[in-house]
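Novice: Sharing entry.tsv here; it has TSV, C-alpha atoms.
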```tsv
chain	number	residue	atom	x	y	z
M	1	MET	CA	41.25	35.45	-2.00
M	2	LYS	CA	40.29	31.97	-0.94
M	3	GLU	CA	37.20	30.75	-2.61
M	4	ASN	CA	34.38	29.51	-0.45
M	5	GLN	CA	34.01	25.78	-0.67
M	6	GLU	CA	30.56	24.37	-0.16
M	7	GLU	CA	30.08	21.05	1.54
M	8	TRP	CA	27.00	19.14	0.48
M	9	THR	CA	25.22	16.86	2.92
M	10	GLU	CA	23.12	15.25	0.18
M	11	VAL	CA	23.92	14.54	-3.45
M	12	ILE	CA	20.87	13.51	-5.51
M	13	THR	CA	21.79	11.80	-8.75
M	14	GLY	CA	20.17	9.64	-11.37
M	15	LYS	CA	22.83	6.97	-10.95
M	16	TYR	CA	21.74	4.17	-8.62
M	17	ASN	CA	23.22	1.00	-7.29
M	18	TRP	CA	20.39	-1.45	-7.80
M	19	PHE	CA	20.96	-3.36	-4.59
M	20	ASN	CA	21.85	-0.33	-2.49
M	21	LEU	CA	19.65	-0.35	0.63
M	22	LYS	CA	21.11	3.01	1.71
M	23	LEU	CA	21.46	1.72	5.26
M	24	ASN	CA	23.59	4.68	6.33
M	25	GLU	CA	20.95	7.14	5.16
M	26	ILE	CA	18.15	5.12	6.71
M	27	TRP	CA	19.97	5.12	10.04
M	28	ARG	CA	20.45	8.90	9.86
M	29	TYR	CA	16.72	9.27	9.23
M	30	ARG	CA	15.72	6.98	12.11
M	31	ASP	CA	13.86	9.84	13.81
M	32	LEU	CA	11.75	10.23	10.68
M	33	ILE	CA	10.98	6.51	10.78
M	34	ARG	CA	9.76	6.91	14.35
M	35	LEU	CA	7.51	9.77	13.26
M	36	PHE	CA	6.11	7.65	10.42
M	37	VAL	CA	5.47	4.77	12.81
M	38	TRP	CA	3.57	7.07	15.15
M	39	ARG	CA	1.67	8.56	12.21
M	40	ASP	CA	0.62	5.15	10.91
M	41	PHE	CA	-0.51	4.00	14.34
M	42	VAL	CA	-2.43	7.15	15.30
M	43	ALA	CA	-3.85	8.20	11.94
M	44	ALA	CA	-5.33	4.78	11.17
M	45	TYR	CA	-7.94	5.03	13.94
M	46	LYS	CA	-7.99	8.75	14.69
M	47	GLN	CA	-11.46	10.05	15.59
M	48	THR	CA	-12.87	6.54	16.01
M	49	LEU	CA	-14.92	5.31	18.95
M	50	LEU	CA	-12.88	2.18	19.66
M	51	GLY	CA	-9.45	3.39	18.55
M	52	PRO	CA	-6.67	0.77	18.67
M	53	LEU	CA	-9.22	-1.92	19.55
M	54	TRP	CA	-9.87	-2.13	15.81
M	55	HIS	CA	-6.46	-3.82	15.63
M	56	PHE	CA	-8.21	-6.73	17.34
M	57	ILE	CA	-11.82	-6.36	16.16
M	58	ASN	CA	-11.13	-6.68	12.42
M	59	PRO	CA	-9.09	-9.91	12.77
M	60	LEU	CA	-11.68	-11.22	15.25
M	61	ILE	CA	-14.48	-10.79	12.70
M	62	SER	CA	-12.38	-12.57	10.06
M	63	THR	CA	-11.66	-15.38	12.53
M	64	ILE	CA	-15.37	-15.85	13.29
M	65	LEU	CA	-16.24	-15.98	9.57
M	66	TYR	CA	-13.47	-18.47	8.78
M	67	THR	CA	-14.49	-20.60	11.75
M	68	ILE	CA	-18.10	-20.76	10.57
M	69	VAL	CA	-17.28	-21.42	6.92
M	70	PHE	CA	-14.33	-23.82	7.23
M	71	GLY	CA	-14.78	-25.21	10.73
M	72	VAL	CA	-18.57	-25.60	10.90
M	73	ILE	CA	-19.94	-25.71	7.35
M	74	ALA	CA	-16.99	-27.36	5.58
M	75	ASN	CA	-16.09	-29.27	8.77
M	76	ILE	CA	-12.37	-29.34	7.97
M	77	GLU	CA	-10.26	-31.13	10.57
M	78	MET	CA	-7.83	-28.65	12.16
M	79	ASN	CA	-5.27	-31.17	13.45
M	80	GLY	CA	-7.23	-31.59	16.67
M	81	ILE	CA	-7.11	-27.86	17.46
M	82	PRO	CA	-10.36	-25.97	18.20
M	83	ALA	CA	-11.41	-24.29	14.97
M	84	PHE	CA	-11.64	-20.79	16.45
M	85	LEU	CA	-8.19	-21.00	18.03
M	86	PHE	CA	-6.67	-22.42	14.84
M	87	GLN	CA	-8.19	-19.66	12.71
M	88	PHE	CA	-7.17	-16.92	15.13
M	89	ALA	CA	-3.55	-18.09	15.08
M	90	SER	CA	-3.61	-18.26	11.28
M	91	VAL	CA	-5.14	-14.79	10.95
M	92	THR	CA	-2.49	-13.42	13.32
M	93	CYS	CA	0.39	-14.75	11.22
M	94	TRP	CA	-1.17	-14.03	7.83
M	95	GLY	CA	-2.26	-10.56	8.96
M	96	TYR	CA	1.33	-9.50	9.59
M	97	PHE	CA	2.42	-10.60	6.11
M	98	SER	CA	-0.54	-8.89	4.43
M	99	ARG	CA	0.12	-5.63	6.29
M	100	CYS	CA	3.80	-5.71	5.30
M	101	PHE	CA	2.72	-6.20	1.70
M	102	SER	CA	-0.01	-3.53	1.82
M	103	VAL	CA	2.07	-0.73	3.35
M	104	THR	CA	4.86	-1.38	0.83
M	105	GLN	CA	2.75	-1.64	-2.30
M	106	ILE	CA	1.17	1.80	-1.75
M	107	THR	CA	4.51	3.53	-1.06
M	108	PHE	CA	4.70	5.52	-4.28
M	109	LEU	CA	1.05	6.22	-5.00
M	110	GLY	CA	0.18	6.90	-1.37
M	111	ASN	CA	3.08	9.27	-0.72
M	112	ALA	CA	3.50	10.99	-4.09
M	113	GLY	CA	2.65	14.37	-2.56
M	114	ILE	CA	5.41	14.36	0.04
M	115	PHE	CA	7.91	12.61	-2.24
M	116	GLY	CA	7.61	15.45	-4.74
M	117	LYS	CA	8.42	18.12	-2.14
M	118	VAL	CA	11.30	16.88	-0.02
M	119	TYR	CA	14.05	14.31	-0.26
M	120	PHE	CA	14.54	11.50	2.22
M	121	PRO	CA	15.30	7.80	1.71
M	122	ARG	CA	12.10	6.39	0.21
M	123	LEU	CA	12.65	3.03	1.89
M	124	THR	CA	11.97	4.68	5.25
M	125	VAL	CA	8.25	4.65	4.41
M	126	PRO	CA	7.78	0.87	3.96
M	127	ILE	CA	10.21	0.20	6.83
M	128	ALA	CA	8.09	2.39	9.09
M	129	GLY	CA	4.97	0.58	7.88
M	130	VAL	CA	6.48	-2.81	8.72
M	131	LEU	CA	7.52	-1.58	12.17
M	132	SER	CA	4.09	-0.09	12.89
M	133	SER	CA	2.57	-3.43	11.89
M	134	LEU	CA	4.51	-4.97	14.77
M	135	ILE	CA	2.26	-3.04	17.15
M	136	GLN	CA	-0.85	-4.75	15.83
M	137	LEU	CA	1.02	-8.05	15.76
M	138	GLY	CA	1.87	-7.63	19.45
M	139	ILE	CA	-1.79	-6.97	20.28
M	140	MET	CA	-2.83	-10.05	18.32
M	141	LEU	CA	-0.22	-12.25	19.98
M	142	PHE	CA	-1.41	-11.12	23.40
M	143	PHE	CA	-5.00	-12.10	22.64
M	144	LEU	CA	-3.86	-15.33	21.00
M	145	PHE	CA	-2.12	-16.29	24.23
M	146	ILE	CA	-5.24	-15.42	26.26
M	147	ILE	CA	-7.47	-17.51	23.98
M	148	TRP	CA	-4.94	-20.38	24.10
M	149	LEU	CA	-5.04	-20.30	27.91
M	150	TYR	CA	-8.86	-20.27	27.88
M	151	TYR	CA	-9.05	-23.45	25.80
M	152	TRP	CA	-6.30	-25.04	27.88
M	153	PHE	CA	-8.16	-24.36	31.14
M	154	THR	CA	-11.37	-25.74	29.65
M	155	GLY	CA	-9.71	-29.11	29.10
M	156	GLU	CA	-8.45	-28.97	25.52
M	157	ASN	CA	-5.33	-31.04	24.89
M	158	LEU	CA	-3.01	-28.18	23.91
M	159	GLN	CA	0.72	-27.88	24.27
M	160	MET	CA	3.30	-25.50	22.90
M	161	ASN	CA	6.60	-26.44	21.33
M	162	VAL	CA	9.57	-24.53	22.73
M	163	LEU	CA	11.68	-24.86	19.57
M	164	GLY	CA	8.75	-23.74	17.46
M	165	LEU	CA	8.11	-20.72	19.71
M	166	LEU	CA	11.75	-19.68	19.50
M	167	ALA	CA	11.54	-19.89	15.70
M	168	ILE	CA	8.48	-17.62	15.48
M	169	PRO	CA	10.44	-14.29	15.39
M	170	TYR	CA	12.56	-15.69	12.57
M	171	LEU	CA	9.49	-16.89	10.67
M	172	LEU	CA	7.89	-13.46	11.03
M	173	LEU	CA	11.08	-11.88	9.68
M	174	VAL	CA	10.90	-14.20	6.67
M	175	SER	CA	7.26	-13.23	6.05
M	176	ALA	CA	8.14	-9.53	6.40
M	177	LEU	CA	10.92	-9.83	3.80
M	178	PHE	CA	8.61	-11.68	1.42
M	179	GLY	CA	5.81	-9.16	1.98
M	180	MET	CA	8.09	-6.14	1.47
M	181	GLY	CA	9.70	-7.65	-1.62
M	182	LEU	CA	6.39	-8.57	-3.20
M	183	GLY	CA	4.91	-5.21	-2.24
M	184	ALA	CA	7.87	-3.31	-3.72
M	185	ILE	CA	7.49	-5.14	-7.04
M	186	VAL	CA	3.77	-4.34	-7.14
M	187	ALA	CA	4.47	-0.72	-6.14
M	188	ALA	CA	6.91	-0.35	-9.01
M	189	LEU	CA	4.46	-1.81	-11.52
M	190	THR	CA	1.42	0.17	-10.39
M	191	THR	CA	3.18	3.52	-10.86
M	192	LYS	CA	3.18	2.89	-14.61
M	193	TYR	CA	0.19	0.56	-14.93
M	194	ARG	CA	-2.48	1.93	-12.61
M	195	ASP	CA	-5.11	-0.67	-13.50
M	196	LEU	CA	-2.96	-3.37	-11.91
M	197	SER	CA	-3.93	-1.99	-8.50
M	198	HIS	CA	-7.47	-3.31	-9.09
M	199	PHE	CA	-6.14	-6.86	-9.21
M	200	VAL	CA	-3.99	-6.66	-6.10
M	201	GLY	CA	-6.85	-7.52	-3.73
M	202	TYR	CA	-7.80	-10.57	-5.78
M	203	GLY	CA	-4.20	-11.68	-5.98
M	204	ILE	CA	-3.72	-11.49	-2.21
M	205	SER	CA	-6.97	-13.42	-1.66
M	206	LEU	CA	-5.78	-16.17	-4.00
M	207	LEU	CA	-2.42	-16.24	-2.26
M	208	MET	CA	-4.15	-16.59	1.10
M	209	TYR	CA	-6.18	-19.61	0.00
M	210	GLY	CA	-3.02	-21.08	-1.52
M	211	SER	CA	-1.01	-20.66	1.70
M	212	SER	CA	-2.84	-22.99	4.10
M	213	VAL	CA	-4.17	-20.08	6.14
M	214	VAL	CA	-7.73	-21.23	6.81
M	215	TYR	CA	-6.87	-24.94	6.79
M	216	PRO	CA	-3.86	-27.05	7.79
M	217	LEU	CA	-1.53	-28.48	5.18
M	218	SER	CA	-2.65	-31.97	6.19
M	219	ALA	CA	-6.17	-31.18	4.93
M	220	ILE	CA	-4.91	-30.85	1.34
M	221	PRO	CA	-5.19	-34.01	-0.81
M	222	GLU	CA	-1.83	-35.69	-1.28
M	223	LYS	CA	-1.70	-35.07	-5.04
M	224	TYR	CA	-2.04	-31.30	-4.54
M	225	ARG	CA	-0.02	-30.96	-1.36
M	226	GLU	CA	3.35	-31.01	-3.11
M	227	TYR	CA	2.40	-27.83	-4.99
M	228	MET	CA	1.57	-26.09	-1.72
M	229	LEU	CA	5.03	-26.87	-0.42
M	230	TYR	CA	6.59	-24.50	-2.96
M	231	ASN	CA	4.71	-21.56	-1.48
M	232	PRO	CA	7.13	-20.03	1.07
M	233	LEU	CA	4.26	-18.71	3.20
M	234	THR	CA	2.98	-22.24	3.74
M	235	HIS	CA	5.99	-23.09	5.88
M	236	VAL	CA	5.81	-19.80	7.76
M	237	LEU	CA	2.20	-20.50	8.73
M	238	GLU	CA	2.81	-24.16	9.53
M	239	GLY	CA	5.83	-23.24	11.65
M	240	PHE	CA	3.91	-20.50	13.46
M	241	ARG	CA	1.10	-22.90	14.38
M	242	TYR	CA	3.61	-25.59	15.28
M	243	GLY	CA	5.03	-23.33	17.96
M	244	PHE	CA	1.64	-22.77	19.60
M	245	PHE	CA	0.06	-26.19	19.07
M	246	ASN	CA	2.95	-28.63	18.53
M	247	VAL	CA	1.22	-30.01	15.43
M	248	GLY	CA	1.80	-29.43	11.75
M	249	MET	CA	4.80	-29.37	9.47
M	250	PHE	CA	8.07	-27.97	10.81
M	251	GLU	CA	11.10	-28.98	8.75
M	252	PHE	CA	14.32	-26.97	8.63
M	253	SER	CA	14.92	-27.77	4.97
M	254	TRP	CA	11.61	-26.22	3.92
M	255	ILE	CA	12.10	-23.25	6.25
M	256	LEU	CA	15.48	-22.70	4.61
M	257	TYR	CA	13.73	-22.86	1.24
M	258	SER	CA	11.23	-20.21	2.38
M	259	THR	CA	14.11	-18.05	3.59
M	260	VAL	CA	15.96	-18.23	0.28
M	261	VAL	CA	12.83	-17.46	-1.77
M	262	SER	CA	11.90	-14.56	0.52
M	263	VAL	CA	15.39	-13.04	0.32
M	264	VAL	CA	15.42	-13.35	-3.48
M	265	VAL	CA	11.98	-11.73	-3.76
M	266	PHE	CA	13.10	-8.99	-1.37
M	267	LEU	CA	16.22	-8.24	-3.43
M	268	LEU	CA	14.16	-8.17	-6.63
M	269	GLY	CA	11.80	-5.79	-4.88
M	270	VAL	CA	14.71	-3.52	-3.91
M	271	VAL	CA	15.88	-3.46	-7.54
M	272	ALA	CA	12.38	-2.59	-8.77
M	273	PHE	CA	12.01	0.00	-6.00
M	274	ASN	CA	15.31	1.72	-6.85
M	275	LEU	CA	14.59	1.74	-10.58
M	276	THR	CA	11.17	3.29	-9.98
M	277	GLU	CA	12.26	5.73	-7.27
M	278	LYS	CA	14.41	7.90	-9.54
M	279	ASP	CA	11.67	8.88	-11.99
M	280	PHE	CA	8.31	7.74	-10.64
M	281	ILE	CA	7.27	11.31	-9.80
M	282	ASP	CA	7.14	12.04	-13.55
M	283	THR	CA	4.71	9.21	-14.22
M	284	VAL	CA	2.42	9.43	-11.17
```
Taking this structure as input, can you express it in the form of structure tokens?
Specialist:
Amino acid sequence: MKENQEEWTEVITGKYNWFNLKLNEIWRYRDLIRLFVWRDFVAAYKQTLLGPLWHFINPLISTILYTIVFGVIANIEMNGIPAFLFQFASVTCWGYFSRCFSVTQITFLGNAGIFGKVYFPRLTVPIAGVLSSLIQLGIMLFFLFIIWLYYWFTGENLQMNVLGLLAIPYLLLVSALFGMGLGAIVAALTTKYRDLSHFVGYGISLLMYGSSVVYPLSAIPEKYREYMLYNPLTHVLEGFRYGFFNVGMFEFSWILYSTVVSVVVFLLGVVAFNLTEKDFIDTV
């Protein structure tokens, strides 16, 4: 009698390839990613009065505060760009990085319940978070263009740079890789050392002020500026603003540097993610 042979669709093992992104599995679970994207978009503002408008309201409030503090009180020169427009562009670019970081760094602690019940590629969760962040980014870019047109029609000397605009999708990809990599490292650490999560907010705030978000790179004294250049996000932000305003620093060598650093951080994040994934449920 012929024995029945079972064919397994999934084999779960403790042996991992550190750099394995499991792209085949992620592609097979693309419908799940779509569900996660929809969940993140809907659940964030479910049962709220203004709904998705909060995607614009929160950054708008931050822009107004930064404009008052750095544009009015500190009176920092924004390379000839209206302070509000400069800050709104900066918040748009920085906001995408911070959301990529945030949705990745809470992957394990925020989804421990579902991870302990069913198997699916864990990387689908941060990938879905990054994709859902593109929705808010699109809303912000739309309003940024409207505000840019308003200042242009009121007589401000504004002009875009075509090369810089074409580079913006690439720069956003670099920031997403850096955000996911950094978030994955933090996610791996916070599963074992919970108190580190209390310092994440302070760390991101320090990184923001060290990334020329609320001020242009040209506003930094020369003796400190060289240190800012080694922050990969500095060149992402400068390149983003260069596309919209045709002012600021936009050098291919430094963009290449940002790319290399972001890829390295991303790969380190994948290693940390894979090492934590196999046994984090026992420590959470």
Novice: Compare M:Ile220, M:Leu171, M:Leu32, M:Val270 by their minimum atom-to-atom distance to M:Pro232, counting all atoms listed in the file, and give me the closest one.
Specialist: M:Leu171
Novice: Write out, as a tab-separated table, each residue of stretch 161-258 of chain M that has an atom at most 6 Å from stretch 96-104 of chain M, together with the closest pair of atoms and their distance in Å to one decimal, counting only C-alpha atoms, rows going by chain and rising number.
Specialist:
```
residue	atom	partner	partner_atom	distance
M:Ser175	CA	M:Phe97	CA	5.5
M:Ala176	CA	M:Phe97	CA	5.8
M:Gly179	CA	M:Phe101	CA	4.3
M:Met180	CA	M:Phe101	CA	5.4
M:Gly183	CA	M:Phe101	CA	4.6
M:Ala184	CA	M:Thr104	CA	5.8
```
Novice: Between atom CA of M:Ser133 and atom CA of M:Phe245, what is the distance, to one decimal in Å?
Specialist: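 Atom-to-atom, atom CA of M:Ser133 to atom CA of M:Phe245, that is 24.0 Å.
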Novice: Residues at most 12 Å from M:Leu229, counting all atoms listed in the file, excluding those fewer than 3 positions away in the same chain, as a ChimeraX atom specification?
Specialist: /M:210-212,217-218,220,222-226,232-238,249-251,253-255,257-258
Novice: Please determine, counting only C-alpha atoms, which residue among M:Lys117, M:Tyr66, M:Arg241, M:Ala272 has the shortest atom-to-atom distance to M:Tyr209.
Specialist: M:Tyr66
Novice: Tell me, in Å to one decimal, how far atom CA of M:Phe56 is from atom CA of M:Phe86.
Specialist: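 Pair atom CA of M:Phe56 / atom CA of M:Phe86 returns 16.0 Å.
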Novice: Grab all the atoms of stretch 177-185 of chain M that the file lists, wrap them in a box along x, y and z, add 3 Å per side, and give me centre plus edge lengths in Å (one decimal) as JSON.
Specialist:
```
{"center_x": 7.9, "center_y": -7.5, "center_z": -1.6, "size_x": 12.0, "size_y": 14.4, "size_z": 16.8}
```
Novice: Find the residue from M:Phe244, M:Phe41, M:Phe178, M:Tyr202 that sits nearest to M:Val263; use all atoms listed in the file when measuring.
Specialist: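 The shortest atom-to-atom distance to M:Val263 comes from M:Phe178.
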Novice: Show me the residues around (11.4, -1.5, 6.1) - criterion: an atom at most 9 Å away, all atoms listed in the file counted - as a list in words.
Specialist: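 With a cut-off of 9 Å, the residues come to Cys100, Thr104, Leu123, Thr124, Val125, Pro126, Ile127, Ala128, Gly129, Val130, Leu131, Ala176, Leu177 and Met180 of chain M.
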Novice: With only C-alpha atoms as the counted atoms, please give the residues lying no more than 9 Å from M:Val162, apart from itself and same-chain residues fewer than 2 positions off, as an NGL selection string.
Specialist: :M and (160 or 164-167 or 243-244 or 246)
Novice: Given the choices M:Thr107, M:Ser90, M:Thr259, M:Ser205, which gets closest to M:Phe240 if the distance is worked out from only C-alpha atoms?
Specialist: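 For M:Phe240, the nearest of the given residues is M:Ser90.
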Novice: Within 12 Å of (-10.2, -8.3, 14.9), all atoms listed in the file: residues as an NGL selection string?
Specialist: :M and (50 or 52-65 or 87-89 or 91-92 or 95 or 136-137 or 139-141 or 143-144)
Novice: Of the residues M:Gly248, M:Leu275, M:Val42, M:Leu149, which is the one nearest to M:Ala219, using only C-alpha atoms?
Specialist: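 That would be M:Gly248, the residue with the smallest distance to M:Ala219.
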Novice: For a test of reading the model, state the distance in Å between atom CA of M:Thr191 and atom CA of M:Thr276, rounded to one decimal.
Specialist: 8.0 Å
Novice: M:Thr154, M:Asn75, M:Ser197, M:Thr67: which is nearest M:Leu109, counting all atoms listed in the file?
Specialist: M:Ser197
